[in-house]
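Shown here: upload-v1.txt, compact mmCIF, C-alpha atoms.
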```txt
# COMPACT_ATOMS: atom_id res chain seq x y z
CA MET F 1383 111.54 100.81 110.84
CA ALA F 1384 110.51 102.38 107.53
CA ALA F 1385 109.69 106.11 107.48
CA VAL F 1386 106.02 106.85 108.20
CA TRP F 1387 105.50 108.34 104.73
CA GLN F 1388 106.72 105.08 103.20
CA GLN F 1389 104.22 103.16 105.33
CA VAL F 1390 101.45 105.50 104.16
CA LEU F 1391 102.46 104.89 100.55
CA ALA F 1392 102.46 101.14 101.15
CA VAL F 1393 98.89 101.35 102.51
CA ASP F 1394 97.79 103.43 99.52
CA ALA F 1395 99.40 101.02 97.07
CA ARG F 1396 97.69 98.04 98.68
CA TYR F 1397 94.27 99.66 98.12
CA ASN F 1398 95.20 100.99 94.69
CA ALA F 1399 93.71 97.99 92.87
CA TYR F 1400 90.22 99.13 93.99
CA ARG F 1401 90.46 102.57 92.43
CA THR F 1402 88.80 102.83 89.01
CA PRO F 1403 89.27 99.13 88.16
CA THR F 1404 88.71 99.76 84.45
CA PHE F 1405 91.23 102.62 84.23
CA PRO F 1406 94.68 101.32 85.21
CA GLN F 1407 96.33 104.48 83.84
CA PHE F 1408 94.57 106.54 86.50
CA ARG F 1409 95.79 104.21 89.25
CA THR F 1410 99.34 104.56 87.95
CA GLN F 1411 99.19 108.36 87.94
CA TYR F 1412 97.50 108.42 91.34
CA ILE F 1413 100.13 106.37 93.15
CA ARG F 1414 102.95 108.28 91.47
CA ARG F 1415 101.45 111.60 92.58
CA ARG F 1416 100.88 110.28 96.10
CA SER F 1417 104.52 109.23 96.26
CA GLN F 1418 105.66 112.68 95.14
CA LEU F 1419 103.45 114.51 97.65
CA LEU F 1420 104.40 112.24 100.53
CA ARG F 1421 108.12 112.70 99.84
CA GLU F 1422 107.69 116.47 99.72
CA ASN F 1423 105.65 116.41 102.92
CA ALA F 1424 108.30 114.28 104.66
CA LYS F 1425 110.81 117.12 104.21
CA CYS F 1426 108.65 119.59 106.15
CA GLY F 1427 109.63 118.14 109.53
CA PHE F 1428 106.21 117.56 111.07
CA GLU F 1429 105.90 115.98 114.51
CA PRO F 1430 106.41 112.18 114.15
CA GLY F 1431 103.41 111.55 116.39
CA LEU F 1432 101.14 113.47 114.03
CA ARG F 1433 102.40 111.45 111.08
CA ARG F 1434 101.69 108.18 112.86
CA GLN F 1435 98.22 109.43 113.72
CA TYR F 1436 97.70 110.30 110.04
CA LEU F 1437 98.80 106.78 109.08
CA ARG F 1438 96.22 105.26 111.43
CA LEU F 1439 93.43 107.55 110.19
CA ARG F 1440 94.36 106.96 106.56
CA SER F 1441 94.23 103.19 107.05
CA GLN F 1442 90.85 103.43 108.78
CA LEU F 1443 89.36 105.67 106.08
CA LEU F 1444 90.57 103.43 103.25
CA ALA F 1445 89.14 100.39 105.04
CA LEU F 1446 85.79 102.18 105.42
CA ARG F 1447 85.79 103.30 101.80
CA TYR F 1448 86.89 100.08 100.11
CA GLY F 1449 86.39 97.46 102.79
CA PRO F 1450 89.06 95.45 104.63
CA LEU F 1451 91.85 93.99 102.53
CA SER F 1452 90.70 90.50 103.45
CA GLU F 1453 87.68 90.98 101.15
CA GLN F 1454 89.82 91.10 98.05
CA SER F 1455 89.58 88.43 95.42
CA SER F 1456 92.50 86.26 96.43
CA PHE F 1457 93.80 82.78 96.03
CA ARG F 1458 92.32 80.68 98.80
CA ALA F 1459 94.20 77.83 100.43
CA SER F 1460 92.72 75.09 102.56
CA SER F 1461 92.11 75.69 106.23
CA VAL F 1462 95.33 75.45 108.24
CA ARG F 1463 96.51 76.43 111.66
CA SER F 1464 99.15 78.92 110.51
CA SER F 1465 99.56 81.62 107.90
CA ARG F 1466 99.68 80.94 104.17
CA THR F 1467 100.67 82.91 101.10
CA THR F 1468 97.90 84.67 99.20
CA LEU F 1469 98.04 87.00 96.24
CA ASP F 1470 96.20 90.24 96.94
CA ARG F 1471 96.02 91.31 93.34
CA MET F 1472 98.15 91.08 90.23
CA GLU F 1473 97.57 92.69 86.87
CA ASP F 1474 97.85 90.48 83.78
CA PHE F 1475 101.45 90.23 82.58
CA GLU F 1476 100.20 91.04 79.08
CA ASP F 1477 98.87 94.45 80.11
CA ASP F 1478 100.70 97.55 79.07
CA PRO F 1479 103.63 97.70 81.50
CA ARG F 1480 103.23 101.45 81.81
CA ALA F 1481 99.73 100.91 83.11
CA GLN F 1482 100.98 99.11 86.21
CA GLY F 1483 101.02 100.96 89.49
CA ALA F 1484 104.50 102.26 90.25
CA ARG F 1485 105.42 102.00 93.87
CA GLY F 1486 107.37 104.92 95.23
CA HIS F 1487 110.22 106.83 93.67
CA ARG F 1488 111.74 105.35 90.51
CA ARG F 1489 114.94 106.44 88.85
CA SER F 1490 116.06 105.68 85.33
CA VAL F 1491 118.76 103.03 85.15
CA SER F 1492 120.61 101.29 82.34
CA ARG F 1493 119.25 97.95 83.57
CA GLY F 1494 115.67 99.21 83.24
CA SER F 1495 113.31 100.58 85.87
CA TYR F 1496 111.10 98.28 87.90
CA GLN F 1497 107.41 98.80 88.63
CA LEU F 1498 105.12 97.11 91.09
CA GLN F 1499 103.85 93.90 89.54
CA ALA F 1500 102.24 92.03 92.41
CA GLN F 1501 101.88 92.04 96.15
CA MET F 1502 101.61 88.93 98.28
CA ASN F 1503 100.65 88.75 101.94
CA ARG F 1504 100.65 85.98 104.49
CA ALA F 1505 97.14 85.22 105.75
CA VAL F 1506 95.33 82.59 107.79
CA TYR F 1507 92.02 81.07 106.76
CA ASP F 1508 89.01 79.48 108.34
CA GLU F 1509 86.29 77.52 106.53
CA ARG F 1510 84.62 80.45 104.81
CA PRO F 1511 83.61 80.66 101.16
CA PRO F 1512 86.07 82.16 98.67
CA GLY F 1513 86.52 85.85 99.36
CA GLY F 1514 86.04 85.42 103.09
CA LEU F 1515 89.70 85.58 104.00
CA VAL F 1516 90.71 86.43 107.53
CA PRO F 1517 94.18 88.00 107.71
CA THR F 1518 96.36 87.32 110.71
CA SER F 1519 96.84 90.24 113.05
CA VAL F 1520 100.57 89.55 113.14
CA ALA F 1521 102.20 88.54 109.84
CA GLU F 1522 105.19 86.23 109.81
CA ALA F 1523 108.44 87.44 108.27
CA ILE F 1524 109.61 85.91 105.00
CA PRO F 1525 113.39 85.54 105.42
CA ARG F 1526 114.18 84.00 102.00
CA LEU F 1527 112.69 83.87 98.53
CA GLN F 1528 114.09 82.62 95.23
CA PHE F 1529 113.01 82.16 91.64
CA ALA F 1530 113.46 78.68 90.21
CA ASN F 1531 116.50 78.07 88.02
CA ASP F 1532 116.07 79.15 84.38
CA ASP F 1533 112.40 79.88 85.00
CA LYS F 1534 110.71 83.24 84.54
CA ASN F 1535 107.58 82.78 86.63
CA LEU F 1536 108.11 80.16 89.34
CA LEU F 1537 108.87 81.73 92.72
CA ALA F 1538 109.29 80.11 96.14
CA CYS F 1539 109.50 81.66 99.59
CA CYS F 1540 109.78 80.39 103.15
CA SER F 1541 108.17 81.80 106.26
CA LEU F 1542 108.75 81.87 109.97
CA ASP F 1543 105.35 80.16 110.30
CA GLY F 1544 107.03 76.88 109.30
CA THR F 1545 105.84 76.63 105.68
CA LEU F 1546 107.24 77.14 102.20
CA SER F 1547 105.14 78.26 99.24
CA ILE F 1548 105.77 77.75 95.52
CA MET F 1549 103.96 80.33 93.41
CA ALA F 1550 103.25 80.44 89.68
CA LEU F 1551 103.18 84.08 88.60
CA SER F 1552 102.02 83.27 85.07
CA PRO F 1553 99.67 82.58 83.36
CA ALA F 1554 97.26 84.97 85.02
CA PRO F 1555 95.77 84.84 87.50
CA PRO F 1556 98.81 83.99 89.61
CA SER F 1557 98.40 81.26 92.18
CA VAL F 1558 100.07 79.32 94.93
CA LYS F 1559 101.03 76.13 93.15
CA VAL F 1560 101.84 74.12 96.26
CA THR F 1561 102.49 74.71 99.95
CA LEU F 1562 105.19 72.65 101.66
CA ARG F 1563 104.13 71.72 105.19
CA GLY F 1564 106.00 69.62 107.72
CA HIS F 1565 108.50 71.75 109.62
CA LEU F 1566 107.62 72.21 113.27
CA GLY F 1567 109.50 75.50 113.59
CA PRO F 1568 110.33 78.60 111.55
CA VAL F 1569 111.91 77.88 108.16
CA THR F 1570 115.26 79.69 107.94
CA ASP F 1571 116.50 78.92 104.43
CA PHE F 1572 115.88 76.81 101.33
CA ALA F 1573 117.41 76.07 97.93
CA TRP F 1574 116.17 74.85 94.54
CA SER F 1575 117.90 71.92 92.88
CA LEU F 1576 119.35 72.57 89.44
CA SER F 1577 116.42 70.82 87.73
CA ASN F 1578 113.84 72.46 90.05
CA ASP F 1579 112.32 69.09 90.96
CA VAL F 1580 113.57 69.23 94.56
CA ILE F 1581 113.79 71.89 97.26
CA VAL F 1582 115.82 71.48 100.45
CA SER F 1583 114.96 73.55 103.52
CA THR F 1584 116.31 74.15 107.01
CA SER F 1585 114.39 75.05 110.13
CA LEU F 1586 114.78 75.95 113.78
CA ASP F 1587 113.14 72.57 114.49
CA GLY F 1588 116.56 71.00 113.78
CA THR F 1589 115.66 69.22 110.54
CA LEU F 1590 116.74 69.39 106.93
CA ARG F 1591 113.81 68.45 104.70
CA ILE F 1592 113.84 67.39 101.05
CA TRP F 1593 110.66 68.23 99.12
CA ASN F 1594 109.10 67.17 95.84
CA THR F 1595 108.17 70.49 94.19
CA GLU F 1596 105.37 69.02 92.06
CA ASP F 1597 103.14 67.58 94.76
CA GLY F 1598 104.62 69.14 97.91
CA ARG F 1599 105.51 65.77 99.38
CA CYS F 1600 108.32 65.61 101.94
CA ILE F 1601 110.69 63.00 100.52
CA ARG F 1602 112.96 62.85 103.54
CA ALA F 1603 113.59 64.61 106.85
CA VAL F 1604 117.13 64.55 108.21
CA GLY F 1605 117.40 65.46 111.88
CA ASP F 1606 120.49 67.10 113.31
CA PRO F 1607 122.19 64.63 115.68
CA ASP F 1608 123.07 67.45 118.10
CA ALA F 1609 119.48 68.76 118.03
CA SER F 1610 120.78 72.17 116.98
CA GLU F 1611 118.81 74.74 115.03
CA LEU F 1612 119.61 74.65 111.31
CA LEU F 1613 120.08 78.15 109.89
CA CYS F 1614 121.14 77.90 106.25
CA CYS F 1615 121.65 75.49 103.36
CA THR F 1616 122.88 75.34 99.78
CA PHE F 1617 123.28 72.74 97.05
CA GLN F 1618 126.68 71.74 95.74
CA PRO F 1619 126.33 73.24 92.22
CA MET F 1620 127.98 70.33 90.37
CA ASN F 1621 126.44 67.54 92.44
CA ASN F 1622 122.91 68.16 93.69
CA ASN F 1623 123.02 64.95 95.74
CA LEU F 1624 125.12 66.94 98.21
CA THR F 1625 123.80 69.77 100.36
CA VAL F 1626 125.76 71.88 102.84
CA VAL F 1627 123.98 72.87 106.06
CA GLY F 1628 124.95 75.42 108.73
CA SER F 1629 123.80 75.16 112.35
CA SER F 1630 123.42 77.22 115.51
CA LYS F 1631 126.16 75.15 117.16
CA HIS F 1632 128.78 76.59 114.79
CA LEU F 1633 128.90 73.47 112.60
CA LEU F 1634 129.06 73.15 108.84
CA GLN F 1635 128.01 69.75 107.51
CA VAL F 1636 127.76 68.14 104.06
CA VAL F 1637 124.69 65.88 103.71
CA ASN F 1638 123.92 63.34 100.98
CA ILE F 1639 120.21 63.91 100.38
CA SER F 1640 119.84 60.61 98.49
CA THR F 1641 120.74 58.65 101.62
CA GLY F 1642 120.05 61.23 104.33
CA LYS F 1643 123.52 60.59 105.78
CA LYS F 1644 126.32 62.98 106.68
CA VAL F 1645 129.36 62.82 104.40
CA LYS F 1646 132.55 61.62 106.06
CA GLY F 1647 135.06 64.45 106.27
CA GLY F 1648 132.36 66.96 105.32
CA CYS F 1649 132.16 68.65 108.72
CA SER F 1650 133.89 71.75 110.04
CA LYS F 1651 133.43 74.21 112.88
CA LEU F 1652 133.22 78.00 112.69
CA THR F 1653 133.59 80.62 115.40
CA GLY F 1654 129.87 81.35 115.61
CA ARG F 1655 126.40 80.44 114.41
CA VAL F 1656 126.54 79.69 110.68
CA LEU F 1657 124.22 82.19 108.96
CA SER F 1658 125.18 82.22 105.28
CA LEU F 1659 126.69 79.97 102.60
CA SER F 1660 127.73 80.31 98.97
CA PHE F 1661 129.70 78.22 96.47
CA ASP F 1662 131.68 79.56 93.54
CA ALA F 1663 130.33 78.50 90.13
CA PRO F 1664 132.55 75.39 89.72
CA GLY F 1665 131.69 74.23 93.25
CA LYS F 1666 135.32 74.07 94.36
CA ILE F 1667 135.24 76.86 96.96
CA LEU F 1668 132.63 77.32 99.68
CA TRP F 1669 132.31 80.48 101.76
CA ALA F 1670 130.50 80.49 105.10
CA GLY F 1671 129.64 83.48 107.28
CA ASP F 1672 128.84 83.46 111.01
CA ASP F 1673 127.33 85.74 113.63
CA ARG F 1674 130.75 86.67 115.04
CA GLY F 1675 131.72 88.61 111.92
CA SER F 1676 133.90 85.99 110.18
CA ILE F 1677 133.86 84.57 106.66
CA PHE F 1678 135.62 81.22 106.17
CA SER F 1679 136.59 79.72 102.83
CA PHE F 1680 136.69 75.95 102.37
CA LEU F 1681 138.06 73.82 99.59
CA PHE F 1682 135.49 71.26 98.49
CA ASP F 1683 136.63 67.84 97.26
CA MET F 1684 134.33 67.04 94.35
CA ALA F 1685 134.96 63.29 94.59
CA THR F 1686 134.43 62.73 98.31
CA GLY F 1687 132.53 65.78 99.59
CA LYS F 1688 135.32 66.53 102.07
CA LEU F 1689 135.74 70.09 103.34
CA THR F 1690 139.17 71.61 103.97
CA LYS F 1691 139.34 74.93 105.79
CA ALA F 1692 141.45 77.39 103.79
CA LYS F 1693 141.13 81.06 104.79
CA ARG F 1694 139.40 83.25 107.34
CA LEU F 1695 138.45 86.93 107.02
CA MET F 1696 137.20 89.04 109.91
CA VAL F 1697 134.66 91.44 108.40
CA SER F 1698 133.75 93.18 111.64
CA GLU F 1699 134.03 91.56 115.04
CA GLY F 1700 130.65 90.79 116.54
CA SER F 1701 128.70 91.75 113.38
CA SER F 1702 126.60 88.98 111.83
CA VAL F 1703 127.42 88.04 108.24
CA SER F 1704 123.84 87.43 107.15
CA GLY F 1705 124.24 87.08 103.39
CA ILE F 1706 126.90 85.87 100.94
CA SER F 1707 126.57 85.70 97.17
CA ALA F 1708 129.39 84.59 94.85
CA ARG F 1709 129.66 85.43 91.17
CA SER F 1710 132.20 85.21 88.37
CA TRP F 1711 131.63 88.33 86.33
CA ILE F 1712 131.78 88.21 82.55
CA SER F 1713 131.33 91.92 82.08
CA ARG F 1714 134.15 94.06 80.75
CA GLU F 1715 133.43 96.47 83.59
CA ALA F 1716 133.94 93.88 86.35
CA ARG F 1717 136.23 91.04 85.37
CA ASP F 1718 137.20 89.55 88.74
CA PRO F 1719 135.34 86.77 90.58
CA SER F 1720 133.53 88.54 93.40
CA LEU F 1721 131.73 87.97 96.68
CA LEU F 1722 128.81 90.15 97.77
CA VAL F 1723 128.43 90.31 101.55
CA ASN F 1724 125.71 91.62 103.87
CA ALA F 1725 127.02 92.24 107.37
CA CYS F 1726 125.50 94.31 110.16
CA VAL F 1727 127.82 97.27 109.57
CA ASN F 1728 125.38 99.54 107.66
CA LYS F 1729 127.18 98.70 104.43
CA LEU F 1730 126.93 96.29 101.54
CA LEU F 1731 130.41 94.88 100.92
CA LEU F 1732 131.89 93.75 97.62
CA TYR F 1733 135.03 91.59 97.79
CA ARG F 1734 137.39 90.46 95.07
CA VAL F 1735 138.37 86.76 95.10
CA VAL F 1736 142.14 86.87 94.63
CA ASP F 1737 143.23 83.21 94.57
CA ASN F 1738 142.13 79.58 94.37
CA GLU F 1739 141.75 79.32 98.15
CA GLY F 1740 138.99 81.92 98.31
CA THR F 1741 141.09 84.74 99.78
CA LEU F 1742 139.05 87.95 99.80
CA GLN F 1743 140.11 91.54 99.22
CA LEU F 1744 137.65 94.38 99.81
CA LYS F 1745 136.91 96.15 96.54
CA ARG F 1746 134.33 98.68 97.73
CA SER F 1747 131.30 99.19 99.95
CA PHE F 1748 127.87 100.77 99.54
CA PRO F 1749 125.94 102.53 102.32
CA ILE F 1750 122.67 100.89 103.40
CA GLN F 1751 120.77 100.63 106.68
CA HIS F 1752 121.80 97.29 108.16
CA GLY F 1753 122.30 96.97 111.89
CA SER F 1754 120.48 93.87 113.10
CA GLN F 1755 118.28 92.09 110.52
CA LEU F 1756 119.41 89.11 108.42
CA LEU F 1757 119.52 90.86 105.04
CA HIS F 1758 120.53 89.37 101.68
CA SER F 1759 121.63 90.69 98.31
CA ILE F 1760 122.24 89.42 94.77
CA PHE F 1761 124.14 90.12 91.60
CA CYS F 1762 122.05 91.02 88.58
CA PRO F 1763 121.92 87.76 86.59
CA LEU F 1764 122.71 89.31 83.22
CA MET F 1765 126.36 90.16 83.58
CA SER F 1766 127.32 91.56 80.19
CA PHE F 1767 125.93 94.96 79.30
CA ARG F 1768 127.09 98.37 78.26
CA GLN F 1769 126.80 100.69 81.20
CA GLY F 1770 128.07 99.06 84.35
CA ALA F 1771 127.51 95.99 86.51
CA CYS F 1772 124.76 96.05 89.15
CA VAL F 1773 124.04 94.46 92.51
CA VAL F 1774 120.73 94.62 94.39
CA THR F 1775 120.13 94.51 98.15
CA GLY F 1776 117.42 94.83 100.74
CA SER F 1777 117.71 97.39 103.53
CA GLU F 1778 116.28 98.02 106.97
CA ASP F 1779 114.73 101.29 105.75
CA GLY F 1780 112.18 99.29 103.72
CA CYS F 1781 113.79 99.99 100.33
CA VAL F 1782 115.43 97.91 97.61
CA TYR F 1783 118.66 99.42 96.27
CA PHE F 1784 120.44 98.95 92.94
CA PHE F 1785 124.16 99.79 92.98
CA ASP F 1786 126.53 100.10 90.02
CA VAL F 1787 129.74 98.49 91.25
CA GLU F 1788 131.96 100.45 88.89
CA ARG F 1789 130.65 103.96 89.54
CA ASN F 1790 132.95 105.98 91.73
CA THR F 1791 130.21 108.49 92.61
CA LYS F 1792 126.44 108.22 92.84
CA ALA F 1793 126.54 104.44 92.85
CA ILE F 1794 122.80 104.17 93.60
CA VAL F 1795 121.14 103.81 90.21
CA ASN F 1796 117.67 102.74 91.36
CA LYS F 1797 115.64 102.65 94.57
CA LEU F 1798 112.36 100.78 94.96
CA GLN F 1799 110.03 101.81 97.76
CA GLY F 1800 106.83 100.25 99.03
CA HIS F 1801 107.65 97.78 101.80
CA GLY F 1802 106.35 98.46 105.29
CA GLY F 1803 109.35 96.90 107.06
CA PRO F 1804 112.98 95.91 106.56
CA VAL F 1805 113.53 94.13 103.22
CA LEU F 1806 115.14 90.78 104.00
CA ASP F 1807 115.73 89.19 100.60
CA VAL F 1808 115.66 89.91 96.88
CA SER F 1809 115.64 87.60 93.87
CA PHE F 1810 115.71 88.01 90.08
CA ASN F 1811 114.16 85.61 87.62
CA CYS F 1812 116.42 84.20 84.91
CA ASP F 1813 115.94 86.94 82.30
CA GLU F 1814 115.87 89.79 84.82
CA SER F 1815 112.33 90.80 83.80
CA LEU F 1816 111.00 90.28 87.34
CA LEU F 1817 112.46 91.11 90.74
CA ALA F 1818 110.92 89.79 93.95
CA SER F 1819 111.51 91.21 97.43
CA SER F 1820 110.31 90.13 100.88
CA ASP F 1821 110.17 91.82 104.26
CA THR F 1822 109.64 91.37 107.99
CA THR F 1823 105.89 92.09 107.76
CA GLY F 1824 105.25 88.99 105.66
CA MET F 1825 104.87 90.81 102.35
CA VAL F 1826 106.38 89.80 99.02
CA ILE F 1827 106.44 92.36 96.21
CA VAL F 1828 107.11 91.36 92.62
CA TRP F 1829 108.46 94.14 90.43
CA ARG F 1830 108.45 94.06 86.65
CA ARG F 1831 111.19 95.63 84.56
CA GLU F 1832 109.76 98.58 82.69
CA GLN F 1833 109.88 98.18 78.92
CA LYS F 1834 111.70 100.96 77.10
```
Rewrite the structure of this file - the entire thing - as structure tokens.
Amino acid sequence: MAAVWQQVLAVDARYNAYRTPTFPQFRTQYIRRRSQLLRENAKCGFEPGLRRQYLRLRSQLLALRYGPLSEQSSFRASSVRSSRTTLDRMEDFEDDPRAQGARGHRRSVSRGSYQLQAQMNRAVYDERPPGGLVPTSVAEAIPRLQFANDDKNLLACCSLDGTLSIMALSPAPPSVKVTLRGHLGPVTDFAWSLSNDVIVSTSLDGTLRIWNTEDGRCIRAVGDPDASELLCCTFQPMNNNLTVVGSSKHLLQVVNISTGKKVKGGCSKLTGRVLSLSFDAPGKILWAGDDRGSIFSFLFDMATGKLTKAKRLMVSEGSSVSGISARSWISREARDPSLLVNACVNKLLLYRVVDNEGTLQLKRSFPIQHGSQLLHSIFCPLMSFRQGACVVTGSEDGCVYFFDVERNTKAIVNKLQGHGGPVLDVSFNCDESLLASSDTTGMVIVWRREQK
């Protein structure tokens, strides 16, 4: 759980849009000063119970002063039975970036600092006029989110309420472009096709669904023949007709989404529930992580879709491998193909890929809070720059961390605070100007890179 002072700051930031609406500079200074005072106060060692009581009173007073958050001017979806994505408030992208409200402590970093750009909550609606939104008392976690390929402002996320939302962050005001409805259980993972015209998603309802991203239509639903929960998916990068799916019954399966059929020879079994998948850039090696602490590498036959098991690495026995991200660096500071791994060992792990069979060698690790949640991390998309190579990860302490992989000391180069729960996923847009993060409370925060 995030520290109480971080939760207080998150509450303050959510109401910050109401303060002096015509003077954004004041709102920026206010939230920065609040962050400073709360951090200083947190060091004084007050009784935790008193801090929680303060959080409750602070929330009540802000609600009395400004009204409940549900009265904000928000995007309104049609009436549905479950929660939907709504944008609380988002300043125009053309505003002075230094006038945006910074959320929590920010450190200077060669990649640029990131400020709060937008905040999105999951909410449920009844048939009230616009502005009459009724938030759910319990928000659904958002396990995955991802910007579209080569697109600056198109962001998608999935929720445990069974829906996916595609959001257009620009032009202002931002809006939910389309909501994908059809899964009968929590959505666990999704992936954009290379051309962004299709999204595939997996769910605990045991189906893989293929969606048209323009109109939200479900093109095809492929049920698992063993009726197992589907936990993760990824496109084959060189052939988007093929998707790899991981299940709760330890199976890895290649599916042809054009026909909805399983590919012959494209099935393999792991030692545990398949939680994470990632291809290398050419699509010749696939890595899969399970909940028993193992990472398997597979050789992928481009012509037939056949999988051949190659190597196995035990990261930590019994620790779930929740996130895998592969990247071939082009930076002078980090030349080797690498694999970024989130495992429940309170560390972010960076491995070097040492051969053509996907053999992994631990290069270094970075301390984060990660003991039970399914966290994910990413490489910064712009790989060639002067002062180091960065990776970004969520953490169970409610923060987003930037690490320089080549620094021997003080590897943390930036830390974004503002979430009220563990941060499950992070995603950059194509030019690294925006970073999105999601958490267990159902909140998505979009951060904008501060202009120098």
- request: Pick out the residues sitting within 10 Å of stretch 1728-1733 of chain F, and hand them over as a PyMOL selection string; count all atoms listed in the file, and ignore anything fewer than 5 positions along from it in its own chain.
  value: chain F and resi 1697+1705-1708+1718-1723+1741-1754+1757-1759+1773-1778+1785+1787
Return the single residue from F:Gln1528, F:Asn1423, F:Gln1635, F:Thr1625 that is closest to F:Ser1809, with distances computed using only C-alpha atoms.
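So, comparing all the options, the nearest one is F:Gln1528.
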Separating atom CA of F:Asn1594 from atom CA of F:Asp1579, to the nearest tenth of an Å, is a gap of 6.2 Å
Closest-contact table, stretch 1560-1620 of chain F side, partner stretch 1530-1535 of chain F, 8 Å, counting all atoms listed in the file, as JSON lines:
```
{"residue": "F:Trp1574", "atom": "CA", "partner": "F:Ala1530", "partner_atom": "CA", "distance": 6.4}
{"residue": "F:Ser1575", "atom": "CA", "partner": "F:Asn1531", "partner_atom": "CA", "distance": 8.0}
{"residue": "F:Leu1576", "atom": "CA", "partner": "F:Asn1531", "partner_atom": "CA", "distance": 6.4}
{"residue": "F:Ser1577", "atom": "CA", "partner": "F:Asn1531", "partner_atom": "CA", "distance": 7.3}
{"residue": "F:Asn1578", "atom": "CA", "partner": "F:Ala1530", "partner_atom": "CA", "distance": 6.2}
```
At what distance in Å, to one decimal, does atom CA of F:Thr1545 lie from atom CA of F:Ala1523?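 Atom CA of F:Thr1545 lies at a distance of 11.4 Å from atom CA of F:Ala1523.
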Just the number, please: distance in Å from atom CA of F:His1565 to atom CA of F:Gly1544, one decimal.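 Here the two named atoms are 5.3 Å from each other.
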